[in-house]
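Undergrad: Supplied in structure tokens, the structure appears directly below.
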Amino acid sequence: MPVLTTEDRLVAQIKRLKTERQAIILAHNYHYQVGEIQDVADFLGDSLELSQKAAQTDAKVIVFCGVHFMAETAAVLCPDQTVLLPDLSAGCGMSEMITAEEVRNMKAEHPGAVVVCYVNSSAAVKAESDICCTSSNAVNVVRSIPEDREIIFIPDQYLGDYVTRKTGRKLILFNGYCPTHFRIMASELEASKKAHPDALVLAHPECTPEVSALADQVLSTSGICLESQKTQKKEIIVATETGILHRLQKENPTKSFVPACSWCDCAHMKVNNNLEKVLWSLEEMRYPVEVPASIRVRAKSAIDRMLEISR
Ligand code: 13P
Ligand code: SF4
């Protein structure tokens, strides 16, 4: 009989409890997700795909292996289901950069402007916004807004800058950014391109404009996964969080992936996260993520508008 490893046992227990609780495990392509958690998930995706999945599932319990704002988004979309976040310390540096009050101040300075809010934000910030977007649909969301309307784009200035370059629309930006992607230096990427002259370069739009300008394509995390499968190139330089490499390597065993920056990771989250926490989450139904109705209803309207144009 094969000897079961600790990981095998944990996975077996997670699967048993998942059935018992009528639960589904959703995991982000990399948001602090270590490989074994990605492997036990029912669904792995980018922020848009995960929101769509949460909106569609009839599972009683959603275990969200992602950062807090994503679990909150699921809680907004599924008020009658239980959304669990295995580790409450899984925050997002960018989403913590902006408060609802700051959005209200921007709106007061630009009355009549449409507020487009990157999904990497709290529910309270979404509640002050007109429409959400993710990295994969930000360009289309902005294009959906009439030309004569001013647009406030929060909180990611670099995603906003990328959207401006793609659409030609002038956006009123907030000065937020992703502290993880900020670590990717254009000079390092240039050196990497010299060392791998035939490599395809794929970057996430949270990167600085200097880094994005060096990429062949700028894509969401799932876009990066899809393009890596499609390309004939054997070497791919990836400018995003390093947790994505697990999925990329697993799906493309004959290709080689070079991180544009080997320390571009939300390390504190990864350290905290493991299969045990997913198991305890299901065992003890912890930690439930709930959003008060006063915020939830307004935040849902902004998320629903995004989902409407992203079908
Ligand atoms: P994606 O929507 O591309 O998965 O990006 C989410 C994110 O937070 C990247 O850091
Ligand atoms: Fe937030 Fe950046 Fe970490 Fe994504 S990679 S969770 S945007 S801090």
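Within each chain, counting starts at residue 1; across the structure tokens, chains are named A, B, ... in the order shown, with ligands numbered 1 upward in that order.
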Restrict the calculation to only C-alpha atoms and all ligand atoms, then for each residue of chain A with any atom at most 6 Å from an atom of ligand 1 give the closest atom pair and their distance in Å to one decimal, rows by chain and rising residue number, as a tab-separated table.

TA:
residue	atom	partner	partner_atom_place_in_ligand_line	distance
A:Asp46	CA	ligand 1	4 (O)	3.4
A:Ser47	CA	ligand 1	2 (O)	3.8
A:Leu48	CA	ligand 1	2 (O)	5.9
A:Thr134	CA	ligand 1	2 (O)	5.3
A:Ser135	CA	ligand 1	2 (O)	4.9
A:Ser220	CA	ligand 1	3 (O)	3.4
A:Thr221	CA	ligand 1	3 (O)	3.9

Undergrad: Identify all residues of stretch 112-244 of chain A in strand (DSSP E or B) (DSSP on the backbone) and supply them as a ChimeraX atom specification.

TA: /A:114-118,131-133,151-154,156,172-173,176,200-203,217-218,235-239

Undergrad: Would you give me, as a Markdown table, each residue of chain A having an atom within 7 Å of an atom of ligand 2, along with its shortest atom pair and that distance in Å to one decimal, using only C-alpha atoms and all ligand atoms and sorting by chain and residue number?

TA:
| residue | atom | partner | partner_atom_place_in_ligand_line | distance |
| --- | --- | --- | --- | --- |
| A:His31 | CA | ligand 2 | 6 (S) | 5.5 |
| A:Val67 | CA | ligand 2 | 6 (S) | 6.1 |
| A:Gly91 | CA | ligand 2 | 6 (S) | 6.8 |
| A:Cys92 | CA | ligand 2 | 1 (Fe) | 3.7 |
| A:Gly93 | CA | ligand 2 | 8 (S) | 4.2 |
| A:Met94 | CA | ligand 2 | 1 (Fe) | 5.1 |
| A:Ser95 | CA | ligand 2 | 1 (Fe) | 6.5 |
| A:Asn120 | CA | ligand 2 | 7 (S) | 6.3 |
| A:Cys178 | CA | ligand 2 | 2 (Fe) | 4.2 |
| A:Pro179 | CA | ligand 2 | 8 (S) | 5.6 |
| A:Thr180 | CA | ligand 2 | 2 (Fe) | 4.9 |
| A:His181 | CA | ligand 2 | 2 (Fe) | 6.1 |
| A:Glu241 | CA | ligand 2 | 5 (S) | 5.9 |
| A:Asp265 | CA | ligand 2 | 5 (S) | 6.8 |
| A:Cys266 | CA | ligand 2 | 3 (Fe) | 5.2 |

Undergrad: Neighbouring residues of stretch 99-112 of chain A were defined as those with any atom within 10 Å, considering only C-alpha atoms; residues of the same chain fewer than 2 positions away were excluded. Please report them as a list in words.

TA: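 My list of contacting residues is Ser95, Glu96, Met97, Val114, Val115, Cys117, Ser121, Ser122, Ala123, Ala124, Val125, Lys126, Ala127, Glu128, Ser129, Arg149, Glu150, Ile151, Ile152, Phe153, Ile154, Pro155, Ile172, Leu173 and Phe174 of chain A.
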
Undergrad: Given only C-alpha atoms as the basis, pick out the residue of A:Pro2, A:Pro259, A:Gly243, A:Pro292 nearest to A:Met185.

TA: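 Going through A:Pro2, A:Pro259, A:Gly243, A:Pro292 one by one, the smallest distance to A:Met185 is for A:Pro259.
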
Undergrad: Give me the residues within 9 Å of A:Phe64 as a VMD selection string, counting only C-alpha atoms and dropping any in the same chain fewer than 6 places off.

TA: chain A and resid 24 to 28 70 to 71 74 83 to 86

Undergrad: Could you give me, as a list in words, the residues within 6 Å of stretch 198-213 of chain A, counting only C-alpha atoms and dropping anything in the same chain fewer than 3 positions from it?

TA: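 The residues satisfying every condition are Tyr158, Leu159, His181, Ala186, Asp216, Gln217, Val218, Leu219, Ser220, Glu235, Ile236, Ile237, Val238, Ala239 and Thr240 of chain A.
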
Undergrad: Once DSSP has gone over the backbone, tell me which residues of stretch 51-203 of chain A are in helix (DSSP H, G or I), as a PyMOL selection string.

TA: chain A and resi 51-56+68-77+95-97+100-109+123-127+138-143+157-167+181-183+186-195

Undergrad: Restrict the calculation to only C-alpha atoms, then for each residue of stretch 206-296 of chain A with any atom at most 10 Å from an atom of stretch 6-21 of chain A give the closest atom pair and their distance in Å to one decimal, rows by chain and rising residue number, as CSV.

TA:
residue,atom,partner,partner_atom,distance
A:Leu275,CA,A:Leu10,CA,6.8
A:Glu276,CA,A:Leu10,CA,7.0
A:Val278,CA,A:Ile14,CA,7.4
A:Leu279,CA,A:Ile14,CA,5.4
A:Trp280,CA,A:Ile14,CA,8.9
A:Ser281,CA,A:Ile14,CA,9.5
A:Leu282,CA,A:Leu17,CA,6.5
A:Glu283,CA,A:Leu17,CA,7.1
A:Met285,CA,A:Arg21,CA,9.4

Undergrad: Next, write the just-selected residues to a file, as a PDB file, in the first residue's frame, keeping N, CA and C atoms as the atom set.

TA:
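Contents of out18.pdb, as written:
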ATOM      1  N   LEU A 275      -2.005  24.396   3.998  1.00  0.00           N
ATOM      2  CA  LEU A 275      -3.185  23.526   3.912  1.00  0.00           C
ATOM      3  C   LEU A 275      -3.910  23.397   5.243  1.00  0.00           C
ATOM      4  N   GLU A 276      -3.144  23.404   6.340  1.00  0.00           N
ATOM      5  CA  GLU A 276      -3.771  23.285   7.666  1.00  0.00           C
ATOM      6  C   GLU A 276      -4.811  24.385   7.849  1.00  0.00           C
ATOM      7  N   VAL A 278      -6.571  25.924   5.661  1.00  0.00           N
ATOM      8  CA  VAL A 278      -7.778  25.655   4.862  1.00  0.00           C
ATOM      9  C   VAL A 278      -8.614  24.606   5.594  1.00  0.00           C
ATOM     10  N   LEU A 279      -7.950  23.593   6.124  1.00  0.00           N
ATOM     11  CA  LEU A 279      -8.657  22.549   6.871  1.00  0.00           C
ATOM     12  C   LEU A 279      -9.345  23.129   8.111  1.00  0.00           C
ATOM     13  N   TRP A 280      -8.607  23.921   8.888  1.00  0.00           N
ATOM     14  CA  TRP A 280      -9.204  24.506  10.109  1.00  0.00           C
ATOM     15  C   TRP A 280     -10.367  25.418   9.749  1.00  0.00           C
ATOM     16  N   SER A 281     -10.218  26.085   8.627  1.00  0.00           N
ATOM     17  CA  SER A 281     -11.285  26.971   8.181  1.00  0.00           C
ATOM     18  C   SER A 281     -12.577  26.171   7.989  1.00  0.00           C
ATOM     19  N   LEU A 282     -12.478  25.024   7.342  1.00  0.00           N
ATOM     20  CA  LEU A 282     -13.661  24.188   7.103  1.00  0.00           C
ATOM     21  C   LEU A 282     -14.142  23.509   8.379  1.00  0.00           C
ATOM     22  N   GLU A 283     -13.188  23.114   9.219  1.00  0.00           N
ATOM     23  CA  GLU A 283     -13.561  22.436  10.470  1.00  0.00           C
ATOM     24  C   GLU A 283     -14.334  23.366  11.384  1.00  0.00           C
ATOM     25  N   MET A 285     -15.361  26.562  10.651  1.00  0.00           N
ATOM     26  CA  MET A 285     -16.098  27.618   9.933  1.00  0.00           C
ATOM     27  C   MET A 285     -15.501  28.994  10.247  1.00  0.00           C
TER      28      MET A 285
END

Undergrad: Which residue is closest to A:Lys53? Choose from A:Ser294, A:Thr73, A:Ser262, A:Gln229 and count only C-alpha atoms.

TA: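 The answer is A:Thr73, which sits nearest to A:Lys53.
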
Undergrad: One decimal, in Å: what's the spacing between atom CA of A:Thr242 and atom CA of A:Ser256?

TA: 13.7 Å

Undergrad: Please determine, counting only C-alpha atoms, which residue among A:Asn137, A:Asn29, A:Ser51, A:Asn274 has the shortest atom-to-atom distance to A:Glu72.

TA: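 Smallest separation from A:Glu72 among the options: A:Ser51.
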
Undergrad: What is the distance, in Å and to one decimal place, between atom CA of A:Ser144 and atom CA of A:Lys300?

TA: 18.4 Å

Undergrad: Leaving out A:Pro79 and any residue of its chain fewer than 6 positions from it, which residues lie within 9 Å of it when counting only C-alpha atoms, given as a list of chain:residue names?

TA: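 My reading of the contact set: A:Glu290, A:Val291, A:Arg296.
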
Undergrad: Next, the residues of the selection above should be written as a compact mmCIF listing (two decimals), in the first residue's frame with all heavy atoms.

TA:
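File produced: result_19.txt:
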# COMPACT_ATOMS: atom_id res chain seq x y z
N GLU A 290 -18.13 39.12 6.56
CA GLU A 290 -19.47 39.68 6.38
C GLU A 290 -19.37 41.17 6.10
O GLU A 290 -18.46 41.83 6.58
CB GLU A 290 -20.32 39.45 7.64
CG GLU A 290 -20.82 38.01 7.71
CD GLU A 290 -21.20 37.58 9.10
OE1 GLU A 290 -21.34 38.46 9.98
OE2 GLU A 290 -21.35 36.36 9.32
N VAL A 291 -20.32 41.67 5.34
CA VAL A 291 -20.31 43.10 5.01
C VAL A 291 -21.67 43.67 5.44
O VAL A 291 -22.71 43.13 5.06
CB VAL A 291 -20.11 43.30 3.48
CG1 VAL A 291 -20.10 44.78 3.12
CG2 VAL A 291 -18.82 42.62 3.01
N ARG A 296 -23.00 46.87 1.77
CA ARG A 296 -23.11 45.77 0.81
C ARG A 296 -23.96 46.13 -0.41
O ARG A 296 -23.56 45.90 -1.55
CB ARG A 296 -23.68 44.53 1.49
CG ARG A 296 -23.65 43.29 0.61
CD ARG A 296 -24.18 42.09 1.34
NE ARG A 296 -25.54 42.25 1.80
CZ ARG A 296 -26.61 42.23 1.01
NH1 ARG A 296 -26.48 42.05 -0.28
NH2 ARG A 296 -27.81 42.38 1.52

Undergrad: Give me, as a compact mmCIF listing (two decimals) with C-alpha atoms, in the first residue's frame, all polymer residues having an atom no more than 10 Å from A:Asp80, counting only C-alpha atoms and skipping those fewer than 2 positions away in the same chain.

TA:
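part22.txt, freshly written:
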# COMPACT_ATOMS: atom_id res chain seq x y z
CA ASP A 58 -24.90 27.58 -5.17
CA LYS A 60 -23.45 26.81 0.92
CA VAL A 61 -19.91 27.73 1.92
CA ALA A 75 -19.58 38.14 0.56
CA VAL A 76 -21.14 41.15 -1.18
CA LEU A 77 -22.27 38.98 -4.08
CA CYS A 78 -23.47 36.05 -1.94
CA THR A 82 -21.05 31.75 4.20
CA VAL A 83 -17.75 33.12 2.92
